[in-house]
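**Q** What follows is final-v5.txt, made up of compact mmCIF, C-alpha atoms and all ligand atoms:
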# COMPACT_ATOMS: atom_id res chain seq x y z
CA MET J 1 -283.00 3.80 -7.72
CA ILE J 2 -281.07 0.60 -6.96
CA CYS J 3 -281.08 -0.76 -3.41
CA THR J 4 -279.20 -3.42 -1.49
CA VAL J 5 -280.11 -5.07 1.79
CA ASP J 6 -277.49 -5.76 4.47
CA GLU J 7 -277.53 -6.67 8.17
CA SER J 8 -278.19 -3.09 9.18
CA GLY J 9 -281.30 -2.78 7.03
CA VAL J 10 -282.07 -1.46 3.59
CA ARG J 11 -279.40 0.69 2.01
CA HIS J 12 -280.42 2.82 -0.95
CA LEU J 13 -277.87 3.63 -3.61
CA THR J 14 -278.38 5.98 -6.52
CA ILE J 15 -276.79 5.29 -9.88
CA GLU J 16 -274.63 8.40 -9.32
CA SER J 17 -273.28 7.14 -5.98
CA LEU J 18 -272.48 3.74 -7.51
CA LEU J 19 -270.58 5.45 -10.28
CA VAL J 20 -268.51 7.56 -7.90
CA GLU J 21 -267.73 4.48 -5.80
CA TRP J 22 -266.79 2.40 -8.83
CA MET J 23 -264.48 5.10 -10.21
CA ARG J 24 -262.80 5.33 -6.80
CA ASN J 25 -262.19 1.58 -6.67
CA SER J 26 -261.10 1.11 -10.27
CA SER J 27 -257.76 1.68 -11.91
CA VAL J 28 -259.36 3.86 -14.59
CA SER J 29 -257.52 7.16 -14.80
CA GLN J 30 -257.09 8.34 -18.40
CA PHE J 31 -260.80 8.68 -19.05
CA THR J 32 -263.93 9.45 -17.09
CA ILE J 33 -267.10 7.42 -17.04
CA LYS J 34 -270.28 9.41 -16.50
CA LEU J 35 -273.98 8.90 -16.86
CA ALA J 36 -275.15 10.22 -20.22
CA ARG J 37 -276.90 13.57 -20.36
CA ALA J 38 -279.69 14.41 -22.77
CA SER J 39 -277.25 16.45 -24.87
CA ASP J 40 -274.97 13.42 -25.46
CA ASN J 41 -277.45 11.82 -27.86
CA VAL J 42 -276.13 13.33 -31.11
CA TRP J 43 -272.46 12.30 -30.90
CA MET J 44 -273.51 8.87 -29.58
CA ALA J 45 -275.88 8.32 -32.50
CA ASN J 46 -273.24 9.45 -34.99
CA MET J 47 -270.67 7.12 -33.42
CA SER J 48 -273.11 4.21 -33.61
CA ARG J 49 -273.84 4.94 -37.26
CA ARG J 50 -270.12 5.12 -38.07
CA LEU J 51 -268.79 2.20 -36.01
CA VAL J 52 -271.66 -0.20 -35.24
CA GLU J 53 -274.25 0.20 -37.98
CA THR J 54 -271.93 0.44 -41.00
CA GLY J 55 -273.82 -0.64 -44.12
CA LEU J 56 -277.18 -0.92 -42.32
CA PRO J 57 -280.06 1.58 -42.09
CA TRP J 58 -279.49 3.98 -39.18
CA ALA J 59 -281.50 2.51 -36.30
CA TRP J 60 -279.83 4.24 -33.32
CA THR J 61 -280.83 7.75 -34.27
CA PRO J 62 -280.44 10.75 -31.92
CA GLY J 63 -284.16 10.48 -31.04
CA ARG J 64 -283.95 6.81 -30.13
CA ILE J 65 -280.83 7.35 -28.02
CA ALA J 66 -282.51 10.27 -26.26
CA ARG J 67 -285.44 8.01 -25.34
CA HIS J 68 -283.04 5.47 -23.82
CA ILE J 69 -281.19 8.15 -21.84
CA ALA J 70 -284.53 9.23 -20.38
CA HIS J 71 -285.88 5.70 -19.81
CA ARG J 72 -286.05 4.69 -16.14
CA ASP J 73 -285.09 1.06 -16.86
CA CYS J 74 -282.01 1.95 -18.89
CA VAL J 75 -278.54 2.97 -17.84
CA VAL J 76 -276.61 4.90 -20.46
CA LEU J 77 -272.93 5.45 -19.70
CA THR J 78 -270.44 7.63 -21.51
CA ALA J 79 -266.64 7.67 -21.49
CA TYR J 80 -265.02 11.06 -21.84
CA VAL J 81 -261.48 12.31 -22.30
CA GLN J 82 -261.59 15.94 -21.27
CA ARG J 83 -264.59 17.35 -23.15
CA ARG J 84 -264.74 14.72 -25.87
CA GLY J 85 -267.09 11.77 -25.74
CA ILE J 86 -265.07 8.73 -26.84
CA GLY J 87 -267.33 5.81 -26.01
CA PHE J 88 -270.64 4.74 -24.54
CA ALA J 89 -272.81 1.80 -23.53
CA ILE J 90 -276.57 1.37 -23.23
CA MET J 91 -278.04 -1.33 -21.01
CA HIS J 92 -281.69 -2.13 -20.36
CA PHE J 93 -282.51 -3.68 -16.98
CA GLY J 94 -285.47 -6.07 -17.16
CA GLU J 95 -287.19 -8.08 -14.43
CA ASP J 96 -284.97 -11.14 -14.80
CA ALA J 97 -282.19 -10.14 -17.14
CA ALA J 98 -280.26 -7.19 -18.44
CA HIS J 99 -279.69 -6.56 -22.12
CA LEU J 100 -276.74 -4.70 -23.59
CA ASN J 101 -278.25 -2.68 -26.43
CA LEU J 102 -275.20 -0.85 -27.69
CA LEU J 103 -271.49 -0.47 -26.99
CA CYS J 104 -269.03 1.66 -28.85
CA VAL J 105 -265.52 3.03 -28.39
CA ASP J 106 -264.03 5.48 -30.89
CA HIS J 107 -261.39 4.09 -33.27
CA ASP J 108 -258.44 5.98 -31.87
CA ARG J 109 -259.30 4.96 -28.28
CA GLN J 110 -259.81 1.23 -28.76
CA ARG J 111 -257.69 -1.38 -26.95
CA LYS J 112 -257.20 0.88 -23.93
CA GLY J 113 -259.61 -0.87 -21.61
CA ILE J 114 -262.52 1.53 -22.13
CA GLY J 115 -264.99 -1.06 -23.47
CA ARG J 116 -264.11 -3.37 -20.59
CA ALA J 117 -264.54 -0.56 -18.04
CA LEU J 118 -268.01 0.34 -19.39
CA ILE J 119 -269.15 -3.29 -19.32
CA GLU J 120 -267.72 -4.00 -15.88
CA TRP J 121 -269.50 -0.98 -14.42
CA LEU J 122 -272.82 -2.03 -15.94
CA GLU J 123 -272.37 -5.62 -14.79
CA GLN J 124 -271.65 -4.52 -11.24
CA SER J 125 -274.80 -2.39 -11.32
CA ALA J 126 -276.75 -5.41 -12.55
CA VAL J 127 -275.48 -7.53 -9.69
CA VAL J 128 -276.37 -4.85 -7.14
CA ALA J 129 -279.85 -4.75 -8.69
CA GLY J 130 -280.09 -8.55 -8.31
CA THR J 131 -279.87 -9.23 -12.04
CA PHE J 132 -277.41 -11.98 -12.90
CA ASP J 133 -278.00 -12.63 -16.59
CA VAL J 134 -276.78 -10.29 -19.29
CA GLY J 135 -277.59 -10.86 -22.95
CA LEU J 136 -276.70 -9.15 -26.20
CA GLU J 137 -276.69 -9.55 -29.96
CA VAL J 138 -273.73 -8.76 -32.16
CA ARG J 139 -273.32 -8.80 -35.94
CA ALA J 140 -272.06 -12.22 -36.98
CA ASN J 141 -269.27 -10.67 -39.04
CA ASN J 142 -268.05 -8.46 -36.17
CA THR J 143 -265.20 -10.74 -35.15
CA THR J 144 -263.54 -8.03 -33.05
CA ALA J 145 -266.59 -7.53 -30.85
CA ARG J 146 -267.22 -11.27 -30.58
CA GLN J 147 -263.62 -11.74 -29.39
CA PHE J 148 -263.97 -8.82 -26.99
CA TYR J 149 -267.14 -10.26 -25.41
CA ARG J 150 -265.63 -13.75 -25.17
CA THR J 151 -262.63 -12.25 -23.36
CA LEU J 152 -265.04 -10.73 -20.85
CA GLY J 153 -266.69 -14.09 -20.17
CA TYR J 154 -269.64 -14.03 -22.61
CA ARG J 155 -270.67 -17.26 -24.31
CA GLU J 156 -272.11 -17.53 -27.79
CA VAL J 157 -275.51 -19.17 -27.28
CA GLY J 158 -277.20 -18.89 -30.68
CA GLN J 159 -277.44 -17.37 -34.11
CA VAL J 160 -280.45 -15.35 -35.29
CA ALA J 161 -280.90 -15.33 -39.06
CA GLY J 162 -281.63 -11.93 -40.62
CA TYR J 163 -281.70 -10.14 -37.25
CA TYR J 164 -280.29 -6.98 -38.81
CA ASN J 165 -282.62 -5.53 -41.43
CA GLY J 166 -283.50 -9.04 -42.61
CA THR J 167 -280.12 -9.31 -44.28
CA GLU J 168 -277.49 -10.04 -41.64
CA ASP J 169 -277.32 -12.62 -38.90
CA ALA J 170 -276.73 -11.90 -35.25
CA ILE J 171 -274.82 -13.97 -32.74
CA ARG J 172 -276.61 -14.06 -29.41
CA MET J 173 -274.27 -13.98 -26.41
CA SER J 174 -274.87 -14.21 -22.71
CA HIS J 175 -272.99 -13.77 -19.46
CA ASP J 176 -273.90 -15.46 -16.20
CA LEU J 177 -272.80 -13.00 -13.52
CA ARG J 178 -273.29 -15.40 -10.60
CA ARG J 179 -269.75 -16.72 -10.88
CA VAL J 180 -268.26 -13.25 -11.44
CA HIS J 181 -270.18 -12.00 -8.45
CA LEU J 182 -268.76 -14.72 -6.20
CA GLU J 183 -265.20 -13.98 -7.32
CA ARG J 184 -265.25 -10.16 -7.15
CA PRO J 185 -265.63 -7.89 -4.11
CA ARG J 186 -268.96 -6.05 -4.18
CA LEU J 187 -269.17 -2.31 -4.52
CA GLY J 188 -268.32 -0.76 -1.20
CA GLU J 189 -266.41 -3.82 0.07
CA ALA J 190 -263.06 -3.15 -1.60
C1 LIG A 1 -265.74 -3.92 -29.34
C2 LIG A 1 -265.23 -2.66 -28.66
C3 LIG A 1 -266.37 -1.99 -27.90
C4 LIG A 1 -264.12 -3.03 -27.66
O1 LIG A 1 -263.78 -1.88 -26.91
P1 LIG A 1 -262.25 -1.58 -26.47
O2 LIG A 1 -262.25 -0.43 -25.55
O3 LIG A 1 -261.40 -1.46 -27.68
O4 LIG A 1 -261.88 -2.94 -25.74
P2 LIG A 1 -260.87 -3.14 -24.49
O5 LIG A 1 -259.63 -2.34 -24.71
O6 LIG A 1 -261.61 -2.90 -23.23
O7 LIG A 1 -260.53 -4.69 -24.67
C5 LIG A 1 -260.67 -5.65 -23.63
C6 LIG A 1 -260.15 -6.97 -24.16
O8 LIG A 1 -260.98 -7.44 -25.25
C7 LIG A 1 -260.16 -8.09 -26.24
N1 LIG A 1 -260.17 -7.30 -27.48
C8 LIG A 1 -260.61 -6.04 -27.67
N2 LIG A 1 -260.46 -5.66 -28.95
C9 LIG A 1 -259.89 -6.72 -29.59
C10 LIG A 1 -259.45 -6.94 -30.92
N3 LIG A 1 -259.55 -5.99 -31.89
N4 LIG A 1 -258.92 -8.15 -31.25
C11 LIG A 1 -258.80 -9.10 -30.30
N5 LIG A 1 -259.17 -8.95 -29.00
C12 LIG A 1 -259.71 -7.77 -28.66
C13 LIG A 1 -258.74 -8.08 -25.68
O9 LIG A 1 -258.55 -9.27 -24.94
C14 LIG A 1 -258.75 -6.88 -24.77
O10 LIG A 1 -257.80 -6.93 -23.74
P3 LIG A 1 -256.25 -6.54 -24.06
O11 LIG A 1 -256.27 -5.27 -24.85
O12 LIG A 1 -255.66 -6.38 -22.69
O13 LIG A 1 -255.70 -7.70 -24.84
C15 LIG A 1 -264.62 -1.68 -29.71
O14 LIG A 1 -263.72 -2.40 -30.52
C16 LIG A 1 -265.64 -1.00 -30.59
O15 LIG A 1 -266.28 -0.03 -30.19
N6 LIG A 1 -265.83 -1.50 -31.82
C17 LIG A 1 -266.74 -0.87 -32.79
C18 LIG A 1 -268.19 -0.93 -32.34
C19 LIG A 1 -268.63 -2.34 -32.00
O16 LIG A 1 -268.31 -3.30 -32.70
N7 LIG A 1 -269.38 -2.46 -30.90
C20 LIG A 1 -269.85 -3.74 -30.39
C21 LIG A 1 -271.10 -4.17 -31.04
S1 LIG A 1 -272.52 -3.39 -30.34
Represent the structure contained in this file as structure tokens.
Ligand SMILES: CC(C)(COP(=O)(O)OP(=O)(O)OC[C@H]1O[C@@H](n2cnc3c(N)ncnc32)[C@H](O)[C@@H]1OP(=O)(O)O)[C@@H](O)C(=O)NCCC(=O)NCCS
**A**
Amino acid sequence: MICTVDESGVRHLTIESLLVEWMRNSSVSQFTIKLARASDNVWMANMSRRLVETGLPWAWTPGRIARHIAHRDCVVLTAYVQRRGIGFAIMHFGEDAAHLNLLCVDHDRQRKGIGRALIEWLEQSAVVAGTFDVGLEVRANNTTARQFYRTLGYREVGQVAGYYNGTEDAIRMSHDLRRVHLERPRLGEA
């Protein structure tokens, strides 16, 4: 449960109600963003293996994804076109910061705003929850993703040697949502 406080008292919002409100206010129309269900874990894990973990041991297995879908401090979003899952994002909400664990959009659906839509929804949820710092790691050689995150306002703040299986470096990126929050209308105010 995420809650906000306004002049009239405490207002409780569920993740589902935030999602409905966000979809209503956004220009997204060709795809649907939904909370992941337990049964989404297999295609998500396969997509991660194919698009994110290429050449590395499979870390985001169906079992691990299932645990994140069930975890109370995680939000796992999916993007669907009709009945086909074409992208997803996993974010963990900590006490002081949120961490983007995984983001993936299928090859034939990239550059259509889906990655941006998933991130923007999660960031708005973070702000509503009072969390203004988002961090992530990305493979150093993933220039596409690094460019994507920079476009969305993320800064590269460090490099972690051997982060992936002891063999590949990660770039650590972070996004300060305070400024974004001041510039954008909050959920429910549009
Ligand atoms: C990175 C990824 C999630 C981006 O998702 P996407 O839906 O294609 O991205 P969007 O269409 O929302 O792009 C938003 C903006 O990011 C930038 N961007 C995205 N892909 C880019 C690319 N290949 N080259 C340069 N800029 C890019 C652009 O500015 C783009 O806006 P524009 O299309 O209006 O110019 C997607 O490429 C992907 O899933 N890659 C494989 C998995 C991966 O690397 N995941 C991230 C690591 S966990």
**Q** To check your reading of the model: which residues sit at most 8 Å from ligand LIG 1 (chain A) when counting all atoms listed in the file? Write the answer as an NGL selection string.
**A** :J and (48 or 51-52 or 87 or 101-107 or 109-117 or 137-139 or 142-152)
**Q** Excluding same-chain residues fewer than 6 positions from range 75-85 of chain J, what lies within 10 Å of it counting all atoms listed in the file, as a ChimeraX atom specification?
**A** /J:15,19,29-37,40,43-44,47,65-66,68-69,91-93,100-106,109,114-115,117-119,121-122,125
**Q** Using only C-alpha atoms, which of the listed residues (J:Thr131, J:Pro62, J:Gln124, J:Asp108) sits closest to Gly94 in chain J?
**A** J:Thr131
**Q** From the list J:Val180, J:Leu56, J:Leu18, J:Ile86, which residue is nearest Tyr163 in chain J when using all atoms listed in the file?
**A**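 Closest residue, counting all atoms listed in the file: J:Leu56.
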**Q** From the set J:Glu95, J:Ala140, J:Ala129, J:Trp58, which residue has the shortest atom-to-atom contact distance to Ala161 in chain J, counting only C-alpha atoms?
**A**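 Ranking J:Glu95, J:Ala140, J:Ala129, J:Trp58 by distance to Ala161 in chain J, first place goes to J:Ala140.
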**Q** Grab the CA of Leu136 in chain J to CA of Cys74 in chain J distance for me, in Å with one decimal place.
**A**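 About the pair CA of Leu136 in chain J and CA of Cys74 in chain J: they are 14.3 Å apart.
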**Q** When distances are computed from only C-alpha atoms, which of J:Ile90, J:Ala45, J:Leu177, J:Val128 shows the smallest separation from Asp73 in chain J?
**A**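 Under the stated criterion, the closest residue is J:Ile90.
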**Q** Would you please work out which residue, of J:Gly158, J:Asp176, J:Thr167, J:Gly153, is nearest to Val127 in chain J when using all atoms listed in the file?
**A**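 Closest candidate: J:Asp176.
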**Q** Suppose you want the space between CA of Asn41 in chain J and CA of Asp133 in chain J; what is it in Å?
**A**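 Distance reported for this atom pair: 26.9 Å.
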